[in-house]
>>> print(open('upload-v7.txt').read())   # compact mmCIF, C-alpha atoms
# COMPACT_ATOMS: atom_id res chain seq x y z
CA MET Q 37 67.26 -31.88 21.87
CA PRO Q 38 69.60 -32.26 18.87
CA GLN Q 39 71.82 -35.32 19.03
CA LEU Q 40 75.53 -34.97 18.27
CA LEU Q 41 78.19 -37.63 17.69
CA LEU Q 42 81.63 -36.45 18.78
CA ILE Q 43 84.55 -38.54 17.45
CA GLU Q 44 87.73 -37.45 19.24
CA ASP Q 45 90.45 -39.48 20.95
CA ASP Q 46 92.19 -36.57 22.76
CA PRO Q 47 90.75 -36.80 26.31
CA ILE Q 48 91.16 -33.12 27.15
CA MET Q 49 89.76 -31.77 23.89
CA GLY Q 50 87.01 -34.38 23.91
CA GLU Q 51 85.92 -33.59 27.45
CA SER Q 52 85.98 -29.86 26.75
CA LEU Q 53 83.85 -30.25 23.63
CA LEU Q 54 81.49 -32.60 25.46
CA ASP Q 55 81.00 -30.11 28.29
CA ARG Q 56 80.46 -27.19 25.93
CA PHE Q 57 77.97 -28.89 23.63
CA GLU Q 58 76.00 -30.18 26.61
CA LEU Q 59 75.91 -26.63 27.96
CA GLU Q 60 74.56 -25.57 24.56
CA GLY Q 61 71.68 -28.05 24.85
CA PHE Q 62 72.97 -30.94 22.71
CA GLY Q 63 72.73 -34.59 23.56
CA VAL Q 64 76.31 -35.77 23.00
CA HIS Q 65 77.66 -39.26 22.36
CA TRP Q 66 81.45 -39.28 22.61
CA SER Q 67 83.42 -41.88 20.67
CA ARG Q 68 87.21 -42.22 20.89
CA SER Q 69 87.68 -44.60 17.94
CA VAL Q 70 86.45 -45.28 14.43
CA GLU Q 71 85.07 -48.67 15.43
CA GLN Q 72 83.06 -47.26 18.33
CA ALA Q 73 81.79 -44.42 16.13
CA ARG Q 74 80.68 -46.86 13.44
CA ALA Q 75 78.66 -48.81 16.02
CA LEU Q 76 77.01 -45.65 17.32
CA LEU Q 77 76.12 -44.51 13.81
CA ASP Q 78 74.46 -47.89 13.16
CA ALA Q 79 72.46 -47.75 16.39
CA THR Q 80 71.51 -44.08 16.73
CA SER Q 81 70.16 -41.30 14.54
CA PHE Q 82 72.31 -38.17 14.86
CA ASP Q 83 71.60 -34.62 13.83
CA ALA Q 84 75.31 -33.84 13.32
CA VAL Q 85 78.76 -35.43 13.53
CA VAL Q 86 81.96 -33.70 14.66
CA SER Q 87 85.00 -35.83 13.90
CA ASP Q 88 88.74 -35.50 14.20
CA VAL Q 89 90.67 -36.64 11.13
CA ARG Q 90 93.31 -38.76 12.89
CA LEU Q 91 92.05 -41.47 15.23
CA PRO Q 92 93.94 -44.35 16.90
CA ASP Q 93 92.36 -47.08 14.77
CA GLY Q 94 91.86 -45.28 11.49
CA SER Q 95 90.85 -42.07 9.79
CA GLY Q 96 87.77 -39.93 10.25
CA GLU Q 97 87.91 -39.26 6.51
CA ARG Q 98 87.68 -42.95 5.69
CA LEU Q 99 84.76 -43.38 8.06
CA PHE Q 100 82.95 -40.49 6.37
CA GLU Q 101 83.63 -41.85 2.90
CA SER Q 102 82.42 -45.33 3.81
CA ARG Q 103 79.23 -44.00 5.40
CA ALA Q 104 78.61 -41.72 2.43
CA GLN Q 105 78.84 -44.69 0.04
CA ALA Q 106 76.65 -46.93 2.18
CA ALA Q 107 73.93 -44.51 3.33
CA THR Q 108 71.36 -42.62 1.33
CA ALA Q 109 71.63 -39.62 3.65
CA LEU Q 110 74.24 -38.58 6.19
CA PRO Q 111 73.88 -36.07 9.04
CA PRO Q 112 75.92 -32.86 8.62
CA TRP Q 113 79.55 -33.86 9.13
CA LEU Q 114 82.19 -31.44 10.40
CA PHE Q 115 85.90 -32.19 10.62
CA ILE Q 116 88.57 -31.11 13.09
CA THR Q 117 91.88 -31.06 11.29
CA ALA Q 118 95.43 -29.78 11.52
CA PHE Q 119 96.37 -26.83 9.35
CA ALA Q 120 98.63 -29.03 7.23
CA SER Q 121 95.62 -31.19 6.26
CA VAL Q 122 93.42 -28.37 5.00
CA ASP Q 123 93.69 -29.64 1.42
CA ARG Q 124 92.21 -32.98 2.50
CA ALA Q 125 89.46 -31.19 4.42
CA VAL Q 126 88.55 -29.24 1.30
CA ALA Q 127 88.41 -32.50 -0.60
CA MET Q 128 86.01 -33.81 2.03
CA LEU Q 129 83.83 -30.73 1.52
CA GLN Q 130 83.69 -31.55 -2.17
CA ALA Q 131 82.71 -35.10 -1.20
CA GLY Q 132 79.78 -33.85 0.88
CA ALA Q 133 81.13 -32.91 4.32
CA ARG Q 134 79.49 -29.83 5.84
CA ASP Q 135 82.46 -27.85 7.23
CA TYR Q 136 85.76 -28.03 9.09
CA VAL Q 137 87.89 -26.15 11.65
CA THR Q 138 91.69 -26.17 11.91
CA LYS Q 139 93.64 -26.68 15.12
CA PRO Q 140 93.96 -24.72 17.28
CA PHE Q 141 90.36 -23.56 16.90
CA ASP Q 142 87.87 -21.46 18.80
CA ILE Q 143 85.26 -23.74 20.38
CA THR Q 144 82.61 -21.04 19.99
CA GLU Q 145 83.26 -20.99 16.24
CA LEU Q 146 82.76 -24.76 16.08
CA VAL Q 147 79.56 -24.54 18.14
CA ASP Q 148 78.18 -21.89 15.79
CA LYS Q 149 78.98 -24.05 12.76
CA VAL Q 150 77.18 -27.04 14.31
CA ARG Q 151 74.20 -24.90 15.30
CA THR Q 152 73.94 -23.64 11.73
CA ALA Q 153 74.23 -27.18 10.37
CA VAL Q 154 71.35 -28.50 12.50
CA GLY Q 155 69.21 -25.36 12.17
CA VAL Q 156 69.45 -24.26 15.81
CA PRO Q 157 69.92 -20.47 16.14
CA SER Q 158 72.81 -19.19 18.22
CA ASP Q 159 72.27 -17.24 21.43
CA ALA Q 160 73.11 -14.02 19.61
CA ALA Q 161 70.24 -14.66 17.18
CA GLN Q 162 67.70 -15.38 19.90
CA PRO Q 163 65.75 -12.49 21.43
CA ALA Q 164 66.65 -11.92 25.03
CA PRO Q 165 63.86 -12.64 27.53
CA ALA Q 166 62.50 -9.85 29.67
CA GLU Q 167 64.67 -10.81 32.63
CA ALA Q 168 67.78 -10.27 30.53
CA GLU Q 169 66.81 -6.63 30.03
CA GLU Q 170 67.87 -5.94 33.60
CA GLN Q 171 70.77 -3.52 33.53
CA VAL Q 172 73.29 -5.56 35.45
CA LEU Q 173 76.44 -5.07 33.41
CA GLY Q 174 75.37 -2.20 31.16
CA THR Q 175 72.54 -0.78 29.06
CA SER Q 176 74.00 -1.58 25.64
CA ALA Q 177 72.70 -4.53 23.66
CA ALA Q 178 76.11 -6.20 23.88
CA MET Q 179 76.20 -6.08 27.66
CA ARG Q 180 72.57 -7.18 28.03
CA GLN Q 181 73.41 -10.19 25.88
CA LEU Q 182 76.49 -10.83 28.01
CA ALA Q 183 74.32 -10.69 31.14
CA LEU Q 184 72.01 -13.29 29.60
CA GLN Q 185 74.95 -15.58 28.83
CA ALA Q 186 76.33 -15.08 32.33
CA ARG Q 187 73.03 -16.20 33.88
CA ARG Q 188 73.21 -19.48 31.99
CA VAL Q 189 76.92 -20.02 32.56
CA ALA Q 190 76.89 -19.27 36.28
CA GLN Q 191 74.71 -22.25 37.11
CA ARG Q 192 76.30 -24.81 34.78
CA ALA Q 193 79.97 -24.16 33.93
CA ARG Q 194 82.83 -24.87 36.32
CA THR Q 195 85.51 -23.39 34.05
CA VAL Q 196 85.09 -20.13 32.15
CA LEU Q 197 87.41 -18.08 29.93
CA VAL Q 198 86.84 -14.31 29.93
CA THR Q 199 88.66 -12.18 27.36
CA GLY Q 200 88.76 -8.46 26.71
CA GLU Q 201 91.08 -5.48 26.65
CA SER Q 202 92.73 -4.21 29.81
CA GLY Q 203 90.29 -2.20 31.87
CA ALA Q 204 87.21 -3.43 30.01
CA GLY Q 205 85.65 -5.07 33.08
CA LYS Q 206 86.71 -8.72 33.07
CA GLU Q 207 86.87 -8.92 36.86
CA VAL Q 208 83.48 -7.20 37.13
CA LEU Q 209 82.02 -9.97 34.97
CA ALA Q 210 83.79 -12.61 37.04
CA ARG Q 211 82.36 -11.20 40.26
CA HIS Q 212 78.92 -11.09 38.64
CA LEU Q 213 79.19 -14.78 37.71
CA HIS Q 214 80.22 -15.55 41.27
CA ALA Q 215 77.28 -13.61 42.71
CA LEU Q 216 74.83 -15.42 40.42
CA ALA Q 217 76.22 -18.81 41.46
CA HIS Q 218 76.32 -17.93 45.17
CA PRO Q 219 73.44 -15.51 45.85
CA GLN Q 220 73.74 -16.07 49.58
CA GLY Q 221 77.07 -14.22 49.48
CA THR Q 222 78.99 -16.55 51.80
CA ALA Q 223 81.24 -18.34 49.28
CA PRO Q 224 84.77 -16.96 48.81
CA PHE Q 225 85.85 -15.05 45.71
CA VAL Q 226 89.65 -15.08 45.32
CA ALA Q 227 91.18 -12.85 42.64
CA VAL Q 228 94.77 -13.46 41.51
CA ASN Q 229 96.75 -11.45 38.96
CA CYS Q 230 99.13 -14.04 37.52
CA GLY Q 231 101.32 -11.35 35.99
CA ALA Q 232 101.81 -9.43 39.24
CA ILE Q 233 103.29 -12.26 41.35
CA PRO Q 234 107.04 -12.85 40.94
CA GLU Q 235 107.75 -16.08 39.08
CA PRO Q 236 109.63 -17.76 41.98
CA LEU Q 237 106.65 -17.22 44.29
CA ILE Q 238 103.61 -17.90 42.14
CA GLU Q 239 103.63 -21.71 42.45
CA ALA Q 240 103.58 -21.56 46.25
CA ALA Q 241 100.99 -18.75 46.09
CA LEU Q 242 98.63 -20.81 43.95
CA PHE Q 243 99.08 -24.27 45.47
CA GLY Q 244 100.22 -23.47 48.99
CA HIS Q 245 103.04 -25.18 50.82
CA GLU Q 246 103.86 -27.28 53.86
CA ARG Q 247 106.20 -26.16 56.59
CA GLY Q 248 109.80 -26.74 55.52
CA ALA Q 249 108.92 -27.15 51.82
CA PHE Q 250 111.62 -24.63 50.93
CA THR Q 251 113.90 -22.12 52.60
CA GLY Q 252 111.77 -19.62 54.51
CA ALA Q 253 108.66 -21.83 54.68
CA ASP Q 254 108.39 -21.68 58.47
CA ARG Q 255 104.71 -22.58 58.54
CA GLN Q 256 102.02 -24.24 56.47
CA ARG Q 257 100.21 -21.92 54.07
CA ARG Q 258 97.02 -22.43 52.10
CA GLY Q 259 97.29 -21.49 48.42
CA TYR Q 260 94.78 -19.46 46.45
CA LEU Q 261 93.20 -22.64 45.05
CA GLU Q 262 92.52 -23.89 48.55
CA GLN Q 263 91.35 -20.48 49.76
CA ALA Q 264 88.69 -20.47 47.00
CA GLN Q 265 87.25 -23.80 48.17
CA GLY Q 266 83.49 -23.78 47.63
CA GLY Q 267 83.60 -20.52 45.70
CA THR Q 268 85.39 -18.94 42.75
CA LEU Q 269 89.05 -18.51 41.82
CA PHE Q 270 89.62 -15.68 39.33
CA LEU Q 271 92.95 -16.04 37.51
CA ASP Q 272 93.60 -12.79 35.68
CA GLU Q 273 96.30 -12.64 32.98
CA ILE Q 274 96.36 -16.42 32.68
CA ALA Q 275 98.68 -16.13 29.66
CA GLU Q 276 101.52 -15.06 31.98
CA LEU Q 277 101.76 -18.47 33.67
CA THR Q 278 104.99 -20.37 33.02
CA PRO Q 279 104.81 -23.66 31.07
CA ALA Q 280 105.44 -25.64 34.27
CA LEU Q 281 102.56 -23.93 36.05
CA GLN Q 282 100.32 -24.42 33.03
CA VAL Q 283 100.87 -28.17 33.42
CA ARG Q 284 100.02 -28.08 37.13
CA LEU Q 285 96.91 -25.96 36.56
CA LEU Q 286 95.74 -28.34 33.84
CA ARG Q 287 96.03 -31.23 36.29
CA VAL Q 288 93.94 -29.35 38.85
CA LEU Q 289 91.24 -28.56 36.30
CA GLN Q 290 91.17 -32.18 35.13
CA ASP Q 291 91.28 -33.97 38.48
CA ARG Q 292 90.02 -31.26 40.84
CA GLN Q 293 92.86 -32.22 43.18
CA VAL Q 294 95.44 -29.90 44.75
CA GLN Q 295 98.78 -30.85 46.26
CA ARG Q 296 100.69 -28.31 48.33
CA LEU Q 297 104.41 -27.92 47.79
CA GLY Q 298 106.21 -30.36 50.06
CA ALA Q 299 103.08 -32.45 50.70
CA GLU Q 300 102.94 -36.20 50.10
CA SER Q 301 99.29 -36.34 49.11
CA SER Q 302 96.65 -34.23 47.42
CA PHE Q 303 93.13 -33.28 48.44
CA ALA Q 304 89.92 -32.54 46.54
CA VAL Q 305 88.78 -29.00 45.78
CA ASP Q 306 85.33 -27.89 44.70
CA LEU Q 307 85.44 -24.50 43.05
CA ARG Q 308 84.73 -22.57 39.85
CA VAL Q 309 87.81 -21.33 37.99
CA ILE Q 310 87.43 -18.20 35.85
CA CYS Q 311 90.47 -17.41 33.70
CA ALA Q 312 90.93 -14.03 32.06
CA THR Q 313 93.33 -12.52 29.58
CA HIS Q 314 93.67 -9.59 27.19
CA CYS Q 315 95.91 -11.68 24.91
CA ASP Q 316 94.96 -13.72 21.86
CA LEU Q 317 95.39 -17.20 23.35
CA LEU Q 318 94.89 -18.93 20.00
CA GLN Q 319 97.83 -16.98 18.63
CA ARG Q 320 99.93 -17.90 21.65
CA VAL Q 321 99.04 -21.56 21.17
CA SER Q 322 100.14 -21.32 17.53
CA GLN Q 323 103.41 -19.72 18.66
CA GLY Q 324 104.02 -22.46 21.24
CA ARG Q 325 103.74 -19.98 24.14
CA PHE Q 326 100.57 -21.47 25.65
CA ARG Q 327 99.69 -25.15 26.01
CA GLU Q 328 97.03 -26.31 23.58
CA ASP Q 329 95.55 -28.82 26.03
CA LEU Q 330 95.17 -26.13 28.71
CA TYR Q 331 93.60 -23.80 26.16
CA TYR Q 332 90.85 -26.32 25.40
CA ARG Q 333 90.39 -27.09 29.08
CA ILE Q 334 89.72 -23.44 30.02
CA HIS Q 335 87.90 -22.61 26.78
CA VAL Q 336 84.80 -24.70 27.54
CA VAL Q 337 82.84 -21.45 27.87
CA HIS Q 338 84.22 -18.21 26.44
CA LEU Q 339 82.77 -14.82 27.35
CA ARG Q 340 84.15 -11.69 25.68
CA VAL Q 341 83.83 -8.30 27.33
CA PRO Q 342 83.69 -5.70 24.53
CA PRO Q 343 85.80 -2.53 24.90
CA LEU Q 344 83.99 0.62 25.93
CA ARG Q 345 84.37 2.21 22.48
CA GLU Q 346 82.17 -0.59 21.08
CA ARG Q 347 79.36 0.15 23.54
CA PRO Q 348 78.93 3.93 23.81
CA ASP Q 349 75.45 3.43 25.31
CA ASP Q 350 77.18 2.33 28.52
CA VAL Q 351 79.32 5.46 28.97
CA PHE Q 352 76.67 7.62 30.68
CA TRP Q 353 75.28 4.65 32.61
CA LEU Q 354 78.71 3.84 34.03
CA ALA Q 355 79.52 7.51 34.66
CA GLN Q 356 76.34 7.95 36.71
CA ARG Q 357 77.14 4.86 38.76
CA PHE Q 358 80.67 6.07 39.43
CA LEU Q 359 79.36 9.51 40.47
CA LEU Q 360 77.00 7.86 42.95
CA ASP Q 361 79.80 5.64 44.26
CA GLN Q 362 82.04 8.65 44.80
CA ALA Q 363 79.28 10.52 46.59
CA ARG Q 364 78.67 7.58 48.91
CA ASP Q 365 82.37 7.12 49.64
CA ARG Q 366 82.84 10.85 50.38
CA ASP Q 367 79.51 11.24 52.18
CA GLU Q 368 78.47 14.17 50.00
CA ALA Q 369 75.74 15.03 47.53
CA PRO Q 370 76.21 13.32 44.14
CA LYS Q 371 77.56 15.48 41.38
CA ARG Q 372 75.95 15.84 37.96
CA LEU Q 373 77.35 16.01 34.44
CA SER Q 374 77.04 19.24 32.48
CA ALA Q 375 76.18 19.27 28.78
CA SER Q 376 79.83 19.89 27.93
CA ALA Q 377 80.90 16.98 30.14
CA ARG Q 378 78.46 14.65 28.39
CA ALA Q 379 79.69 15.77 24.99
CA ALA Q 380 83.31 15.23 26.02
CA LEU Q 381 82.54 11.75 27.35
CA MET Q 382 80.91 10.74 24.07
CA ALA Q 383 83.72 12.23 21.96
CA HIS Q 384 86.48 10.35 23.81
CA SER Q 385 87.74 7.03 22.37
CA TRP Q 386 88.44 5.44 25.81
CA PRO Q 387 91.73 3.63 25.17
CA GLY Q 388 91.79 2.73 28.87
CA ASN Q 389 88.19 1.45 28.78
CA VAL Q 390 86.03 1.40 31.92
CA ARG Q 391 89.04 1.79 34.22
CA GLU Q 392 89.90 5.09 32.52
CA LEU Q 393 86.31 6.30 32.83
CA HIS Q 394 86.30 5.48 36.55
CA ASN Q 395 89.58 7.33 37.09
CA ARG Q 396 88.36 10.42 35.25
CA ILE Q 397 85.12 10.50 37.24
CA GLU Q 398 87.10 10.17 40.47
CA ARG Q 399 89.41 13.02 39.40
CA ALA Q 400 86.42 15.20 38.59
CA CYS Q 401 84.86 14.57 42.00
CA VAL Q 402 88.15 15.58 43.66
CA MET Q 403 88.86 18.67 41.58
CA CYS Q 404 85.36 20.07 41.02
CA GLU Q 405 84.08 22.25 43.88
CA GLN Q 406 80.62 22.61 42.35
CA LEU Q 407 77.87 20.02 42.00
CA LEU Q 408 77.97 20.34 38.22
CA VAL Q 409 80.93 18.57 36.61
CA ASP Q 410 82.30 20.31 33.51
CA ALA Q 411 84.34 18.87 30.63
CA ALA Q 412 87.53 20.45 31.99
CA ASP Q 413 87.02 18.60 35.30
CA LEU Q 414 87.06 15.28 33.40
CA PHE Q 415 89.74 16.09 30.85
CA GLU Q 416 92.52 18.36 32.05
CA GLU Q 417 93.57 19.03 28.48
CA LEU Q 418 90.22 20.77 27.85
CA ALA Q 419 90.82 23.36 30.60
CA PRO Q 420 91.28 26.89 29.17
CA SER Q 421 94.85 28.18 29.18
CA PRO Q 422 95.54 30.80 31.86
CA PRO Q 423 95.68 34.36 30.48
CA GLY Q 424 99.23 35.50 29.70
CA PRO Q 425 100.69 39.01 30.13
CA GLU Q 426 99.27 41.73 27.89
CA LEU Q 427 101.10 42.02 24.60
CA PRO Q 428 102.90 45.35 23.99
CA THR Q 429 101.86 47.56 21.12
CA LEU Q 430 104.04 47.57 18.04
CA ASP Q 431 105.31 51.07 18.84
CA ALA Q 432 106.29 49.99 22.39
CA PHE Q 433 108.02 46.89 21.08
CA MET Q 434 109.95 48.84 18.45
CA ALA Q 435 111.00 51.45 21.06
CA ASP Q 436 112.30 48.74 23.41
CA ALA Q 437 114.18 47.07 20.58
CA GLU Q 438 115.73 50.41 19.49
CA LYS Q 439 116.83 51.26 23.03
CA ALA Q 440 118.43 47.81 23.49
CA TYR Q 441 120.32 48.12 20.19
CA LEU Q 442 121.53 51.67 20.86
CA THR Q 443 122.74 50.57 24.29
CA ALA Q 444 124.65 47.63 22.80
CA VAL Q 445 126.34 49.78 20.12
CA LEU Q 446 127.31 52.58 22.53
CA THR Q 447 128.74 50.00 24.92
CA ARG Q 448 130.76 48.41 22.13
CA CYS Q 449 132.07 51.87 21.08
CA GLU Q 450 132.91 52.68 24.71
CA GLY Q 451 130.59 55.71 24.71
CA ARG Q 452 132.18 57.47 21.74
CA VAL Q 453 129.14 59.05 20.06
CA GLY Q 454 130.81 59.79 16.72
CA LEU Q 455 132.04 56.19 16.33
CA ALA Q 456 128.65 54.83 17.40
CA ALA Q 457 126.77 57.09 14.96
CA GLN Q 458 129.04 55.95 12.16
CA ALA Q 459 128.40 52.27 13.06
CA LEU Q 460 124.63 52.89 13.17
CA GLY Q 461 124.65 54.80 9.86
CA ILE Q 462 123.02 57.92 11.37
CA SER Q 463 124.22 61.42 12.23
CA ARG Q 464 125.57 62.42 15.63
CA LYS Q 465 122.50 64.67 16.05
CA THR Q 466 120.09 61.83 15.37
CA LEU Q 467 121.92 59.56 17.80
CA TRP Q 468 121.86 62.31 20.44
CA GLU Q 469 118.10 62.80 19.99
CA LYS Q 470 117.36 59.10 20.18
CA SER Q 471 119.56 58.64 23.24
CA LYS Q 472 117.81 61.53 24.96
CA ARG Q 473 114.40 60.08 24.14
CA HIS Q 474 115.36 56.72 25.61
CA GLY Q 475 117.14 58.20 28.62
CA LEU Q 476 120.61 57.03 27.54
CA ARG Q 477 123.86 58.78 28.40
CA ALA Q 478 127.03 58.01 26.47
CA ASP Q 479 129.24 58.31 29.54
CA GLU Q 480 127.18 55.67 31.33
>>> encode(input="upload-v7.txt", output="structure tokens")
Amino acid sequence: MPQLLLIEDDPIMGESLLDRFELEGFGVHWSRSVEQARALLDATSFDAVVSDVRLPDGSGERLFESRAQAATALPPWLFITAFASVDRAVAMLQAGARDYVTKPFDITELVDKVRTAVGVPSDAAQPAPAEAEEQVLGTSAAMRQLALQARRVAQRARTVLVTGESGAGKEVLARHLHALAHPQGTAPFVAVNCGAIPEPLIEAALFGHERGAFTGADRQRRGYLEQAQGGTLFLDEIAELTPALQVRLLRVLQDRQVQRLGAESSFAVDLRVICATHCDLLQRVSQGRFREDLYYRIHVVHLRVPPLRERPDDVFWLAQRFLLDQARDRDEAPKRLSASARAALMAHSWPGNVRELHNRIERACVMCEQLLVDAADLFEELAPSPPGPELPTLDAFMADAEKAYLTAVLTRCEGRVGLAAQALGISRKTLWEKSKRHGLRADE
């Protein structure tokens, strides 16, 4: 087991990094000061050091420089630094440091850098065992790898961040994690869309309330956190939480204590919290729209669900599952995909991801009266246009146009044939012949 020295005084970031590196199989010693880190370096042999630059009793840079001057060999040393201190970090690289990350940073990126430094391959570089080949989330390599990660995470992580585009299957992954952690199927799974609950109501919805806590609170109500006791709380669209609620959620994740609105005391909760978003949380942290401490608290383990366009191998697999689901729900024989339907599925870019695929399969099962689903049943825009009326021949069109024009001129000339012939530039005889052929009478 590779040994890692973590030098970080921020309790939230430090605990998050400690949890993540232990999940990755590192033995971690966490120091919150330069003095404590110096003592650990003297007493223990480390395979890598991850150090913040600013510490309460000194500088991580100075500690590195002093160790570099005193020791013949140093373990790979990686710095955590603010963006404004990048120049100093580069100077440290020139002095022998291994690498650095700038705040706010992706914990997975830091883990990969440390793995590379100590010569431990990342999960993505390791061949998946035979059990990971089970088609749980999809048949593509990306989803098989995700299933492997989920198996590890489900038994060890209490807080998970799931990212991915809308409709990609974040809740499906969350339910899979829950099922792996609770195979007996008795623990609750509570799903909450943070963006769908009105802002004035979401605090009471999450934390619950006592009777009389506010106007209209005529009885005690358990919040979603309490309802998920012993199981999993899935917080979708976590980026939509207000700053005040972000603070309260951070406290729950840190202390595992919940206090209802209007209550005088809190109580312990034991649950897994899975947060999901389609937003770039790092960007929101940089913009000041999401709390950095909450970001690191929920980012202990990060699982990304790739969009459907990045895993075309899953399109047919998902389509077949949806066809079987529809057949079971409607108590009818399952439908099959024609060659044209398969070609159309593969040609589509799936901007709506798996949700769009499910909706199109459902539409096809409703609209198609046969057992074989065609491309037009999936994509209405591929249906052939209905035949229009037969086009007239050129002679028929010209005759209709001539009749309409003769009628208009005769009407304007009040039936006076000589005046109409003069306006048309033809003789009276020609006008008479044409009128007769078209069934026109000047007096009408």
>>> atom_distance(input="upload-v7.txt", atom1="atom CA of Leu54 of chain Q", atom2="atom CA of Asp78 of chain Q")
20.8 Å
>>> closest_residue(input="upload-v7.txt", among="Q:Glu201, Q:Asp148, Q:Asp83, Q:Glu398", to="Trp386 of chain Q", atoms="all atoms listed in the file")
Q:Glu201
>>> residues_around(input="upload-v7.txt", residues="Arg292 of chain Q", least_positions_apart="3", cutoff="12 Å", atoms="only C-alpha atoms", output="ChimeraX atom specification")
/Q:194-195,261-262,265,284-289,295,302-309
>>> atom_distance(input="upload-v7.txt", atom1="atom CA of His338 of chain Q", atom2="atom CA of Phe115 of chain Q")
21.2 Å
>>> residues_around(input="upload-v7.txt", residues="Leu442 of chain Q", least_positions_apart="5", cutoff="9 Å", atoms="all atoms listed in the file", output="list in words")
Ala437, Thr447, Ala456, Leu460, Leu467, Lys470, Ser471 and Leu476 of chain Q
>>> atom_distance(input="upload-v7.txt", atom1="atom CA of Met179 of chain Q", atom2="atom CA of Pro219 of chain Q")
20.7 Å
>>> closest_residue(input="upload-v7.txt", among="Q:Val294, Q:Ala84, Q:Ala177, Q:Ala299", to="Gly248 of chain Q", atoms="all atoms listed in the file")
Q:Ala299
>>> closest_residue(input="upload-v7.txt", among="Q:His314, Q:His394, Q:His384, Q:Arg477", to="Leu197 of chain Q", atoms="all atoms listed in the file")
Q:His314
>>> closest_residue(input="upload-v7.txt", among="Q:Pro428, Q:Pro279, Q:Pro343, Q:Gly266", to="Gly205 of chain Q", atoms="all atoms listed in the file")
Q:Pro343
>>> residues_around(input="upload-v7.txt", residues="segment 92-102 of chain Q", least_positions_apart="2", cutoff="10 Å", atoms="only C-alpha atoms", output="count of residues only")
34
>>> residues_around(input="upload-v7.txt", residues="Ile397 of chain Q", least_positions_apart="3", cutoff="9 Å", atoms="all atoms listed in the file", output="list in words")
Ala355, Phe358, Leu359, Gln362, Glu392, Leu393, His394, Ala400, Cys401, Val402, Asp413 and Leu414 of chain Q
